[in-house]
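Engineer: Sharing data_22.txt here; it has compact mmCIF, C-alpha atoms.
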# COMPACT_ATOMS: atom_id res chain seq x y z
CA MET A 1 -1.32 22.92 -6.52
CA TYR A 2 -4.13 21.74 -8.81
CA ARG A 3 -6.41 24.61 -9.88
CA ASP A 4 -9.29 25.04 -12.30
CA ILE A 5 -9.85 21.32 -12.44
CA SER A 6 -12.16 19.88 -15.07
CA VAL A 7 -13.21 16.34 -15.81
CA LYS A 8 -13.75 15.63 -19.49
CA PHE A 9 -15.63 12.49 -20.55
CA VAL A 10 -14.79 11.64 -24.15
CA ASP A 11 -17.14 9.04 -25.64
CA VAL A 12 -16.72 6.80 -22.58
CA SER A 13 -18.10 3.28 -22.62
CA LYS A 14 -17.63 0.23 -20.46
CA SER A 15 -18.51 -3.38 -21.11
CA ILE A 16 -17.92 -6.39 -18.91
CA GLY A 17 -17.92 -9.48 -21.08
CA THR A 18 -20.87 -9.11 -23.43
CA ARG A 19 -22.77 -6.81 -21.05
CA VAL A 20 -22.66 -3.13 -21.92
CA LEU A 21 -22.77 -1.00 -18.75
CA PHE A 22 -22.77 2.41 -20.40
CA THR A 23 -21.79 3.89 -23.70
CA GLY A 24 -21.18 7.22 -25.39
CA ILE A 25 -20.79 9.49 -22.34
CA ASN A 26 -19.58 12.93 -23.42
CA LEU A 27 -19.50 15.69 -20.82
CA VAL A 28 -17.27 18.26 -19.16
CA VAL A 29 -17.56 18.92 -15.41
CA ASN A 30 -15.71 22.03 -14.32
CA ALA A 31 -14.48 23.26 -10.94
CA GLY A 32 -17.36 24.29 -8.68
CA GLN A 33 -19.83 22.06 -10.51
CA ARG A 34 -21.67 18.97 -9.39
CA LEU A 35 -22.37 15.86 -11.48
CA VAL A 36 -24.80 13.27 -10.16
CA ILE A 37 -24.80 9.73 -11.53
CA THR A 38 -27.92 7.68 -10.85
CA GLY A 39 -29.11 4.25 -11.88
CA PRO A 40 -30.16 0.89 -10.48
CA ASN A 41 -27.79 -1.53 -8.77
CA GLY A 42 -25.31 -3.00 -11.23
CA SER A 43 -25.78 -0.21 -13.76
CA GLY A 44 -22.12 0.84 -13.48
CA LYS A 45 -22.20 3.93 -11.19
CA SER A 46 -19.31 2.74 -9.04
CA THR A 47 -17.43 1.48 -12.09
CA LEU A 48 -17.69 4.92 -13.68
CA LEU A 49 -16.29 6.51 -10.50
CA LYS A 50 -13.45 3.98 -10.49
CA ILE A 51 -12.64 4.85 -14.09
CA ILE A 52 -12.50 8.55 -13.15
CA ALA A 53 -10.19 7.67 -10.24
CA GLY A 54 -7.92 5.65 -12.52
CA LEU A 55 -8.68 2.40 -10.70
CA ASP A 56 -10.40 0.87 -13.74
CA GLN A 57 -10.23 1.47 -17.47
CA ALA A 58 -12.92 2.41 -19.95
CA THR A 59 -13.52 -0.07 -22.75
CA THR A 60 -13.51 2.78 -25.27
CA GLY A 61 -13.04 6.51 -24.90
CA ALA A 62 -11.28 8.21 -22.01
CA ILE A 63 -11.82 10.40 -19.00
CA GLN A 64 -9.34 13.25 -18.91
CA ILE A 65 -8.63 15.27 -15.80
CA ILE A 66 -7.39 18.71 -16.74
CA SER A 67 -5.83 21.27 -14.42
CA ASN A 68 -4.44 24.63 -15.56
CA ASN A 69 -5.06 23.54 -19.17
CA LYS A 70 -2.79 20.53 -18.71
CA GLN A 71 -3.99 16.94 -18.82
CA LEU A 72 -2.91 15.13 -15.66
CA ASP A 73 -1.07 11.81 -15.79
CA ALA A 74 -2.06 8.77 -13.71
CA GLU A 75 -0.10 9.84 -10.61
CA GLU A 76 -1.30 13.47 -10.74
CA ARG A 77 -4.88 12.32 -11.31
CA ARG A 78 -4.88 10.38 -8.05
CA ALA A 79 -3.08 13.16 -6.21
CA CYS A 80 -5.86 15.65 -6.95
CA LEU A 81 -8.87 13.57 -5.95
CA GLY A 82 -10.56 12.24 -2.85
CA LEU A 83 -12.80 9.19 -2.94
CA ILE A 84 -15.53 8.14 -0.54
CA SER A 85 -16.79 4.72 -1.45
CA PRO A 86 -17.82 1.48 0.23
CA GLU A 87 -14.69 0.05 -1.39
CA ILE A 88 -12.43 2.48 0.48
CA ILE A 89 -11.45 0.77 3.70
CA LEU A 90 -9.25 2.57 6.22
CA TYR A 91 -6.79 0.85 8.55
CA GLY A 92 -8.58 -1.01 11.34
CA ASP A 93 -5.41 -1.33 13.41
CA LEU A 94 -4.94 2.45 13.53
CA THR A 95 -7.03 5.06 15.34
CA SER A 96 -8.91 7.68 13.35
CA TYR A 97 -6.25 10.21 14.38
CA GLU A 98 -3.50 7.92 13.03
CA ASN A 99 -5.43 7.19 9.82
CA ILE A 100 -5.87 10.89 9.07
CA LEU A 101 -2.26 11.66 9.95
CA PHE A 102 -1.03 8.83 7.69
CA PHE A 103 -3.11 9.73 4.64
CA THR A 104 -2.45 13.47 4.91
CA ARG A 105 1.29 12.74 5.05
CA MET A 106 0.85 10.64 1.91
CA ARG A 107 -0.52 13.75 0.23
CA GLY A 108 2.26 15.96 1.60
CA ILE A 109 -0.15 17.88 3.83
CA GLU A 110 1.14 18.96 7.24
CA CYS A 111 -1.63 18.25 9.70
CA ASN A 112 -1.12 18.87 13.41
CA GLN A 113 -3.05 17.25 16.24
CA GLN A 114 -5.31 20.26 16.74
CA ARG A 115 -6.43 20.28 13.11
CA ILE A 116 -7.04 16.54 13.07
CA GLU A 117 -9.13 16.87 16.22
CA GLU A 118 -11.09 19.63 14.53
CA TYR A 119 -11.78 17.43 11.49
CA CYS A 120 -12.80 14.52 13.73
CA GLN A 121 -15.10 16.83 15.67
CA ARG A 122 -16.73 18.15 12.50
CA ALA A 123 -17.29 14.57 11.36
CA GLY A 124 -18.82 13.67 14.73
CA LEU A 125 -15.95 11.49 15.90
CA ALA A 126 -14.56 13.72 18.64
CA ASN A 127 -15.10 11.15 21.40
CA ASP A 128 -13.81 8.20 19.43
CA LYS A 129 -10.66 9.52 17.81
CA GLU A 130 -8.36 7.43 20.03
CA GLN A 131 -10.27 4.18 19.41
CA LEU A 132 -8.97 1.68 16.86
CA VAL A 133 -11.03 1.91 13.69
CA ARG A 134 -11.75 -1.84 13.77
CA THR A 135 -14.00 -1.14 16.80
CA TYR A 136 -16.06 1.42 14.82
CA SER A 137 -19.55 0.85 13.46
CA THR A 138 -20.02 1.15 9.67
CA GLY A 139 -21.57 4.60 10.14
CA MET A 140 -18.56 5.80 12.15
CA ARG A 141 -16.20 4.46 9.47
CA GLN A 142 -18.16 6.43 6.89
CA ARG A 143 -17.81 9.56 9.04
CA LEU A 144 -14.07 8.94 9.26
CA LYS A 145 -13.89 8.95 5.45
CA PHE A 146 -15.51 12.39 5.52
CA ALA A 147 -13.06 13.58 8.17
CA LEU A 148 -10.26 12.42 5.88
CA MET A 149 -11.82 14.27 2.96
CA LEU A 150 -11.91 17.44 5.08
CA ALA A 151 -8.25 17.00 5.95
CA ILE A 152 -7.12 16.34 2.39
CA GLN A 153 -9.29 19.00 0.72
CA PRO A 154 -9.07 17.53 -2.79
CA VAL A 155 -10.09 19.54 -5.84
CA LEU A 156 -12.02 16.59 -7.26
CA TRP A 157 -14.46 14.76 -4.99
CA LEU A 158 -15.76 11.34 -5.95
CA LEU A 159 -18.59 10.24 -3.68
CA ASP A 160 -20.08 6.77 -4.09
CA GLU A 161 -23.31 6.38 -2.09
CA PRO A 162 -22.00 8.91 0.46
CA SER A 163 -24.97 8.69 2.81
CA SER A 164 -24.95 4.91 3.14
CA ASN A 165 -24.98 3.78 6.80
CA LEU A 166 -25.31 7.36 8.06
CA ASP A 167 -27.92 8.66 10.50
CA ALA A 168 -29.85 11.93 10.07
CA ASP A 169 -26.98 13.99 11.54
CA GLY A 170 -24.51 12.31 9.23
CA LYS A 171 -26.68 13.14 6.22
CA LYS A 172 -26.76 16.80 7.28
CA LEU A 173 -22.99 16.68 7.50
CA ILE A 174 -22.78 15.50 3.90
CA VAL A 175 -24.99 18.33 2.66
CA GLN A 176 -22.82 20.87 4.50
CA MET A 177 -19.61 19.33 3.23
CA ILE A 178 -20.74 19.22 -0.38
CA SER A 179 -21.85 22.86 -0.20
CA ARG A 180 -18.49 23.83 1.28
CA GLY A 181 -16.69 21.82 -1.39
CA ILE A 182 -18.55 23.70 -4.12
CA GLU A 183 -17.72 27.02 -2.42
CA GLN A 184 -14.06 26.00 -2.43
CA ASN A 185 -14.31 25.40 -6.18
CA ALA A 186 -14.01 21.61 -6.09
CA ALA A 187 -15.60 19.51 -8.84
CA ILE A 188 -17.92 17.00 -7.19
CA ILE A 189 -19.15 13.77 -8.74
CA ILE A 190 -21.74 11.79 -6.77
CA ALA A 191 -23.04 8.31 -7.52
CA THR A 192 -26.32 7.91 -5.66
CA ASN A 193 -29.91 6.84 -5.74
CA GLU A 194 -30.99 9.24 -2.97
CA PRO A 195 -33.15 12.01 -4.46
CA TRP A 196 -31.97 14.57 -1.85
CA GLU A 197 -28.33 13.96 -2.82
CA ALA A 198 -29.20 14.40 -6.48
CA LYS A 199 -30.70 17.87 -5.85
CA HIS A 200 -28.80 20.92 -7.08
CA ALA A 201 -26.86 18.88 -9.64
CA ASP A 202 -25.38 20.84 -12.55
CA TYR A 203 -25.32 17.67 -14.65
CA LYS A 204 -26.99 14.30 -14.34
CA ILE A 205 -26.11 10.97 -15.90
CA GLU A 206 -28.79 8.30 -15.64
CA LEU A 207 -27.43 4.83 -16.23
CA ALA A 208 -29.86 2.11 -17.25
CA MET B 1 12.73 19.38 -6.67
CA LEU B 2 14.10 19.22 -3.13
CA THR B 3 10.57 19.59 -1.74
CA ILE B 4 9.36 16.68 -3.89
CA ARG B 5 12.25 14.50 -2.66
CA LEU B 6 11.64 15.45 0.98
CA ASN B 7 7.96 14.67 0.50
CA LEU B 8 8.85 11.27 -0.97
CA LEU B 9 11.10 10.49 1.99
CA ASN B 10 8.36 11.65 4.36
CA CYS B 11 5.88 9.29 2.64
CA ILE B 12 8.34 6.37 2.73
CA TRP B 13 8.85 6.95 6.45
CA ALA B 14 5.07 7.24 7.05
CA ILE B 15 4.38 3.93 5.27
CA MET B 16 7.14 2.15 7.16
CA MET B 17 5.83 3.53 10.47
CA LYS B 18 2.23 2.66 9.60
CA ASP B 19 3.19 -0.95 8.78
CA GLY B 20 5.31 -1.05 11.93
CA ILE B 21 2.47 0.17 14.18
CA CYS B 22 -0.03 -2.27 12.61
CA GLU B 23 2.48 -5.13 12.99
CA PHE B 24 3.26 -4.16 16.57
CA ARG B 25 -0.46 -4.22 17.42
CA THR B 26 -1.16 -7.58 15.77
CA ARG B 27 2.27 -9.30 15.66
CA TYR B 28 1.07 -11.67 12.90
CA ALA B 29 4.16 -11.58 10.70
CA VAL B 30 6.77 -11.38 13.46
CA SER B 31 5.21 -14.34 15.25
CA ALA B 32 4.98 -16.40 12.05
CA LEU B 33 8.57 -15.64 11.07
CA PHE B 34 10.11 -16.20 14.47
CA MET B 35 8.19 -19.40 15.22
CA PHE B 36 9.13 -20.82 11.81
CA ALA B 37 12.80 -20.05 12.46
CA LEU B 38 12.75 -21.44 15.98
CA ILE B 39 11.01 -24.68 15.04
CA SER B 40 13.30 -25.24 12.04
CA LEU B 41 16.47 -24.64 14.04
CA ALA B 42 15.31 -26.82 16.94
CA SER B 43 14.36 -29.64 14.55
CA ILE B 44 17.72 -29.55 12.78
CA SER B 45 19.57 -29.35 16.08
CA MET B 46 17.72 -32.35 17.53
CA SER B 47 18.24 -34.43 14.39
CA ILE B 48 22.01 -33.87 14.15
CA GLY B 49 22.65 -34.14 17.90
CA ALA B 50 26.19 -33.20 18.95
CA ALA B 51 27.64 -33.65 15.43
CA SER B 52 28.70 -30.54 13.56
CA LEU B 53 27.74 -30.02 9.94
CA PRO B 54 30.17 -29.12 7.13
CA ALA B 55 30.55 -25.37 6.62
CA ASP B 56 28.91 -25.31 3.17
CA LEU B 57 25.87 -27.19 4.47
CA THR B 58 25.63 -24.94 7.55
CA ALA B 59 25.80 -21.79 5.39
CA ALA B 60 23.13 -23.17 3.04
CA LEU B 61 20.92 -24.02 6.04
CA LEU B 62 21.18 -20.46 7.37
CA TRP B 63 20.15 -18.90 4.07
CA VAL B 64 17.44 -21.48 3.37
CA LEU B 65 16.07 -20.69 6.82
CA LEU B 66 16.11 -16.93 6.18
CA PHE B 67 14.59 -17.42 2.72
CA PHE B 68 11.67 -19.51 3.98
CA CYS B 69 11.12 -17.18 6.93
CA ALA B 70 10.80 -14.40 4.36
CA MET B 71 8.38 -16.52 2.34
CA ALA B 72 6.30 -17.09 5.49
CA GLY B 73 5.84 -13.44 6.34
CA LEU B 74 7.13 -10.81 3.96
CA SER B 75 4.35 -11.10 1.38
CA ARG B 76 1.98 -9.66 3.98
CA VAL B 77 2.96 -6.08 3.16
CA PHE B 78 0.83 -6.18 0.02
CA VAL B 79 -1.29 -9.31 0.50
CA GLN B 80 -2.69 -7.98 3.79
CA GLU B 81 -3.56 -4.64 2.15
CA GLU B 82 -5.36 -6.54 -0.62
CA GLU B 83 -7.20 -8.94 1.68
CA SER B 84 -8.33 -6.26 4.14
CA GLY B 85 -9.38 -3.97 1.28
CA THR B 86 -7.12 -1.08 2.34
CA ILE B 87 -5.16 -1.27 -0.92
CA ILE B 88 -7.67 1.00 -2.72
CA ALA B 89 -7.26 3.79 -0.16
CA LEU B 90 -3.50 3.38 -0.43
CA GLN B 91 -3.69 3.48 -4.23
CA ILE B 92 -5.75 6.65 -4.16
CA TYR B 93 -3.75 8.53 -1.54
CA GLY B 94 -0.25 7.00 -1.70
CA PRO B 95 2.41 7.85 -4.31
CA GLY B 96 3.55 4.60 -5.95
CA GLN B 97 7.29 4.92 -5.39
CA ALA B 98 6.80 5.86 -1.74
CA VAL B 99 4.59 2.81 -1.21
CA LEU B 100 7.19 0.50 -2.79
CA PHE B 101 10.16 1.85 -0.85
CA GLY B 102 8.20 2.21 2.41
CA LYS B 103 7.17 -1.44 2.20
CA LEU B 104 10.70 -2.45 1.18
CA LEU B 105 12.15 -0.60 4.17
CA PHE B 106 9.66 -2.26 6.51
CA ASN B 107 10.43 -5.74 5.11
CA THR B 108 14.18 -5.11 5.35
CA LEU B 109 13.93 -4.00 8.97
CA MET B 110 11.72 -6.94 9.86
CA LEU B 111 14.11 -9.43 8.24
CA LEU B 112 17.11 -7.79 9.92
CA THR B 113 15.34 -8.00 13.29
CA LEU B 114 14.62 -11.66 12.66
CA THR B 115 18.25 -12.23 11.66
CA VAL B 116 19.44 -10.65 14.91
CA LEU B 117 17.18 -13.05 16.80
CA ILE B 118 18.11 -16.10 14.72
CA ILE B 119 21.90 -15.79 14.65
CA PRO B 120 22.50 -16.51 18.39
CA LEU B 121 20.14 -19.50 18.17
CA PHE B 122 21.87 -20.63 14.97
CA ILE B 123 25.28 -20.49 16.70
CA ILE B 124 24.04 -22.33 19.79
CA PHE B 125 21.85 -24.99 18.14
CA LEU B 126 24.23 -25.84 15.28
CA ASN B 127 27.45 -25.40 17.28
CA VAL B 128 28.87 -22.92 14.79
CA GLU B 129 31.89 -20.68 15.20
CA ILE B 130 31.83 -17.37 13.31
CA TYR B 131 35.11 -15.85 12.16
CA HIS B 132 35.28 -12.33 10.70
CA TRP B 133 32.16 -11.00 12.45
CA SER B 134 32.19 -7.65 10.70
CA ILE B 135 32.22 -9.22 7.22
CA PHE B 136 29.60 -11.71 8.35
CA MET B 137 27.34 -8.78 9.37
CA VAL B 138 27.85 -7.13 5.98
CA VAL B 139 26.94 -10.38 4.18
CA LEU B 140 23.85 -10.80 6.35
CA ILE B 141 22.71 -7.21 5.77
CA LEU B 142 23.23 -7.37 2.00
CA GLY B 143 21.57 -10.80 1.79
CA ASP B 144 18.60 -9.59 3.84
CA ILE B 145 18.20 -6.50 1.67
CA GLY B 146 18.19 -8.74 -1.42
CA ILE B 147 15.58 -11.10 0.05
CA ALA B 148 13.44 -8.16 1.18
CA ALA B 149 13.68 -6.41 -2.22
CA ALA B 150 12.76 -9.55 -4.18
CA SER B 151 9.95 -10.40 -1.72
CA THR B 152 8.47 -6.90 -1.82
CA ILE B 153 8.15 -6.59 -5.59
CA THR B 154 6.95 -10.20 -5.92
CA ALA B 155 4.36 -9.62 -3.18
CA ALA B 156 3.08 -6.61 -5.12
CA MET B 157 2.80 -8.75 -8.27
CA VAL B 158 0.98 -11.69 -6.68
CA ALA B 159 -1.25 -9.76 -4.25
CA LYS B 160 -4.23 -9.74 -6.63
CA THR B 161 -3.82 -13.33 -7.84
CA GLN B 162 -5.36 -16.54 -6.61
CA GLY B 163 -2.95 -19.07 -5.07
CA LYS B 164 -0.74 -16.17 -4.07
CA ASN B 165 1.23 -18.04 -1.39
CA ALA B 166 2.53 -20.74 -3.73
CA LEU B 167 3.09 -18.24 -6.52
CA PHE B 168 5.01 -15.92 -4.18
CA THR B 169 7.68 -18.53 -3.38
CA VAL B 170 7.85 -19.84 -6.95
CA LEU B 171 8.42 -16.34 -8.36
CA THR B 172 10.76 -15.06 -5.65
CA PHE B 173 13.23 -17.95 -5.73
CA PRO B 174 14.50 -17.56 -9.33
CA ILE B 175 14.75 -13.77 -8.90
CA LEU B 176 16.82 -14.26 -5.79
CA LEU B 177 18.95 -17.24 -6.88
CA PRO B 178 22.14 -15.34 -7.90
CA GLN B 179 22.10 -13.37 -4.64
CA PHE B 180 21.28 -16.51 -2.70
CA LEU B 181 24.26 -18.43 -4.12
CA SER B 182 26.62 -15.51 -3.41
CA SER B 183 25.37 -15.24 0.18
CA ILE B 184 25.90 -18.98 0.72
CA SER B 185 29.34 -18.85 -0.84
CA ALA B 186 30.44 -15.85 1.26
CA THR B 187 29.02 -17.37 4.46
CA THR B 188 30.77 -20.69 3.77
CA LYS B 189 34.11 -18.87 3.50
CA ILE B 190 33.47 -17.03 6.77
CA LEU B 191 32.66 -20.30 8.55
CA ILE B 192 35.97 -21.88 7.44
CA ASN B 193 37.94 -18.77 8.52
CA VAL B 194 38.54 -17.43 5.00
CA LYS B 195 37.70 -13.81 4.19
CA PRO B 196 35.26 -13.56 1.27
CA ASP B 197 36.64 -11.81 -1.85
CA ILE B 198 35.70 -8.17 -2.31
CA SER B 199 34.14 -9.26 -5.63
CA ASP B 200 31.62 -11.40 -3.67
CA ILE B 201 30.57 -8.37 -1.62
CA LEU B 202 30.48 -6.09 -4.66
CA PHE B 203 28.29 -8.58 -6.50
CA MET B 204 25.84 -8.62 -3.60
CA VAL B 205 25.75 -4.80 -3.45
CA SER B 206 25.24 -4.57 -7.23
CA TYR B 207 22.52 -7.18 -7.19
CA ASP B 208 20.62 -5.35 -4.45
CA VAL B 209 20.88 -2.05 -6.33
CA VAL B 210 19.80 -3.58 -9.66
CA LEU B 211 16.90 -5.34 -7.96
CA MET B 212 15.70 -2.08 -6.39
CA ILE B 213 15.98 -0.11 -9.64
CA ALA B 214 14.14 -2.83 -11.59
CA SER B 215 11.45 -2.95 -8.86
CA SER B 216 11.06 0.81 -9.00
CA ILE B 217 10.54 0.76 -12.79
CA LEU B 218 8.13 -2.18 -12.69
CA PHE B 219 6.11 -0.93 -9.71
CA ASP B 220 4.62 2.11 -11.45
CA TYR B 221 3.00 -0.24 -14.00
CA LEU B 222 1.57 -2.38 -11.20
CA TRP B 223 0.35 0.63 -9.23
CA TYR B 224 -1.10 2.92 -11.87
CA ASP B 225 -2.11 0.65 -14.81
In structure tokens, what does this structure look like?
Structural biologist:
Amino acid sequence: MYRDISVKFVDVSKSIGTRVLFTGINLVVNAGQRLVITGPNGSGKSTLLKIIAGLDQATTGAIQIISNNKQLDAEERRACLGLISPEIILYGDLTSYENILFFTRMRGIECNQQRIEEYCQRAGLANDKEQLVRTYSTGMRQRLKFALMLAIQPVLWLLDEPSSNLDADGKKLIVQMISRGIEQNAAIIIATNEPWEAKHADYKIELA
Amino acid sequence: MLTIRLNLLNCIWAIMMKDGICEFRTRYAVSALFMFALISLASISMSIGAASLPADLTAALLWVLLFFCAMAGLSRVFVQEEESGTIIALQIYGPGQAVLFGKLLFNTLMLLTLTVLIIPLFIIFLNVEIYHWSIFMVVLILGDIGIAAASTITAAMVAKTQGKNALFTVLTFPILLPQFLSSISATTKILINVKPDISDILFMVSYDVVLMIASSILFDYLWYD
């Protein structure tokens, strides 16, 4: 539905009170490209991702999401992206199978049991897919977010500290997923301080 | 166009089912609502003894009871999402209108279920005789839809605020007042064996429709801005 996505930063700045988080960001990230945002804690990495997702607003400037040469409105913007962030919390009273089924339905994606099981297996949750998510460890919840991302297959990926709480296998999974996302022509924006996640970036933004 | 509408209906159904499954597994709201209703009815019944109340007072009691039951539990549809942090995932993945109408459908069904449980207790505890059952059912359904619609949009408005519980009741009551008065008036007539005017029923239908349209327009601003 959404093809040839690009994310255009037009003189973006954000201040909270008198504190300036970032200013004057101008950049275009196209489909199949990777932008990495780095910076110390509190520098505004997550805030910038939230502005891209339409969950927060820039103080000045704008971030436009363009697909097929058309600027997307607020509803379309959210419909084309997937977000993995510590702030994304999935339903603890549902199983991982039910969570994936629910969110894929929200996106109008038909997902049968076999496919959901496949996504859970790829995310390393094959044995726990019938457990309620509230019984999961933080690492397993992070894996579930990746399983959801696999199921939704967005054209714009926003990843905020994607390897947090993951073991070595989980980190390998992220590398594989990001590579596959690039192959599938998704635009990927990663906020991280892990040097291995920042490798292969097409663009970098360093926030102070 | 048809595909978009079918997708919207599918999303509404998914949200209603998701809330239903979560509620079934925890039973927080149902327990709160039913216990509130039971305690209130038992208290009133014990205080009036064998005496029967005037019809207008009985009708007002029924709707006050339903209103405060709604205030005790219906805000959870958005407040719980906010407090548990799931609202951001829902904002990212859920279409706004589907979220509103899915939550509205869930609240309506929950209030109707509660009404079905309350009415026999209401009749027994307050020694009430109901004439014109079919019209009474219509009044109850329309009144419940109105309460659920007002509660759902108000819950969405107050979910991010501090002091949300007090604010929820304070904001919902004035929105609901015209519908509330009509429901009491129609119920009073039913209790004294007089059929309510068709204009009473039409007013309730219109109010529910207007409330839902206004909620739909307002909700996009709450959800996307």
Engineer: Give me, as a ChimeraX atom specification, the residues of chain A touching chain B, with the criterion being at most 12 Å (counting only C-alpha atoms).
Structural biologist: /A:50-57,73-95,98-110,132-134,145,148-149,152,154,157-158
Engineer: Env of Gln113 (chain A): 12 Å cut, atoms = only C-alpha atoms, seq-sep filter 2 positions within chain, self excluded. Answer as a PDB file with C-alpha atoms, in the coordinates of the input.
Structural biologist:
ATOM      1  CA  SER A  96      -8.910   7.680  13.350  1.00  0.00           C
ATOM      2  CA  TYR A  97      -6.250  10.210  14.380  1.00  0.00           C
ATOM      3  CA  GLU A  98      -3.500   7.920  13.030  1.00  0.00           C
ATOM      4  CA  ILE A 100      -5.870  10.890   9.070  1.00  0.00           C
ATOM      5  CA  LEU A 101      -2.260  11.660   9.950  1.00  0.00           C
ATOM      6  CA  THR A 104      -2.450  13.470   4.910  1.00  0.00           C
ATOM      7  CA  GLU A 110       1.140  18.960   7.240  1.00  0.00           C
ATOM      8  CA  CYS A 111      -1.630  18.250   9.700  1.00  0.00           C
ATOM      9  CA  ARG A 115      -6.430  20.280  13.110  1.00  0.00           C
ATOM     10  CA  ILE A 116      -7.040  16.540  13.070  1.00  0.00           C
ATOM     11  CA  GLU A 117      -9.130  16.870  16.220  1.00  0.00           C
ATOM     12  CA  GLU A 118     -11.090  19.630  14.530  1.00  0.00           C
ATOM     13  CA  TYR A 119     -11.780  17.430  11.490  1.00  0.00           C
ATOM     14  CA  CYS A 120     -12.800  14.520  13.730  1.00  0.00           C
ATOM     15  CA  LYS A 129     -10.660   9.520  17.810  1.00  0.00           C
ATOM     16  CA  GLU A 130      -8.360   7.430  20.030  1.00  0.00           C
ATOM     17  CA  ALA A 151      -8.250  17.000   5.950  1.00  0.00           C
TER      18      ALA A 151
END
Engineer: Separation of CA of Ser183 (chain B) and CA of Ile201 (chain B), in Å?
Structural biologist: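 Interatomic distance here is 8.8 Å.
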Engineer: With all atoms listed in the file as the counted atoms, please give the residues lying no more than 9 Å from region 128-132 of chain B, apart from itself and same-chain residues fewer than 4 positions off, as a ChimeraX atom specification.
Structural biologist: /B:52-53,55,58,122-124,136-137,190-195
Engineer: Can you pull out every residue within 8 Å of region 108-116 of chain B, counting only C-alpha atoms, but drop anything in the same chain fewer than 4 positions away, and send it as a VMD selection string?
Structural biologist: chain B and resid 30 33 to 34 66 70 104 120 140 to 141 144 to 145 148 to 149
Engineer: Report as a VMD selection string all protein, DNA and RNA residues lying within 6 Å of region 182-192 of chain A, evaluated on only C-alpha atoms, omitting residues in the same chain fewer than 6 positions from it.
Structural biologist: chain A and resid 31 to 38 45 155 to 161
Engineer: So what do you get for CA of Val139 (chain B) versus CA of Phe67 (chain B), distance-wise?
Structural biologist: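 For CA of Val139 (chain B) relative to CA of Phe67 (chain B), the distance reads 14.3 Å.
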Engineer: Which distance in Å separates CA of Ile66 (chain A) and CA of Asp4 (chain A), to one decimal?
Structural biologist: 8.0 Å
Engineer: Applying 10 Å and all atoms listed in the file, which residues near Leu207 (chain A) remain after dropping the ones on its own chain fewer than 2 positions away? List them as a list in words.
Structural biologist: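 Surrounding residues, per the criterion: Leu21, Phe22, Thr23, Ile37, Thr38, Gly39, Pro40, Asn41, Gly42, Ser43, Gly44, Lys45, Lys204 and Ile205 of chain A.
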Engineer: For the selection just defined, write its residues with C-alpha atoms to a file, as a compact mmCIF listing (two decimals), in the frame of the given file.
Structural biologist:
# COMPACT_ATOMS: atom_id res chain seq x y z
CA LEU A 21 -22.77 -1.00 -18.75
CA PHE A 22 -22.77 2.41 -20.40
CA THR A 23 -21.79 3.89 -23.70
CA ILE A 37 -24.80 9.73 -11.53
CA THR A 38 -27.92 7.68 -10.85
CA GLY A 39 -29.11 4.25 -11.88
CA PRO A 40 -30.16 0.89 -10.48
CA ASN A 41 -27.79 -1.53 -8.77
CA GLY A 42 -25.31 -3.00 -11.23
CA SER A 43 -25.78 -0.21 -13.76
CA GLY A 44 -22.12 0.84 -13.48
CA LYS A 45 -22.20 3.93 -11.19
CA LYS A 204 -26.99 14.30 -14.34
CA ILE A 205 -26.11 10.97 -15.90
Engineer: Which one is closest to Thr154 (chain B): B:Gln97, B:Thr187, B:Ser47, B:Ser75? Count all atoms listed in the file.
Structural biologist: B:Ser75
Engineer: Select, from B:Ile118, B:Leu9, B:Leu74, B:Ile135, the residue with the minimum atom-to-atom distance to Ala37 (chain B), counting only C-alpha atoms.
Structural biologist: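 Ranking B:Ile118, B:Leu9, B:Leu74, B:Ile135 by distance to Ala37 (chain B), first place goes to B:Ile118.
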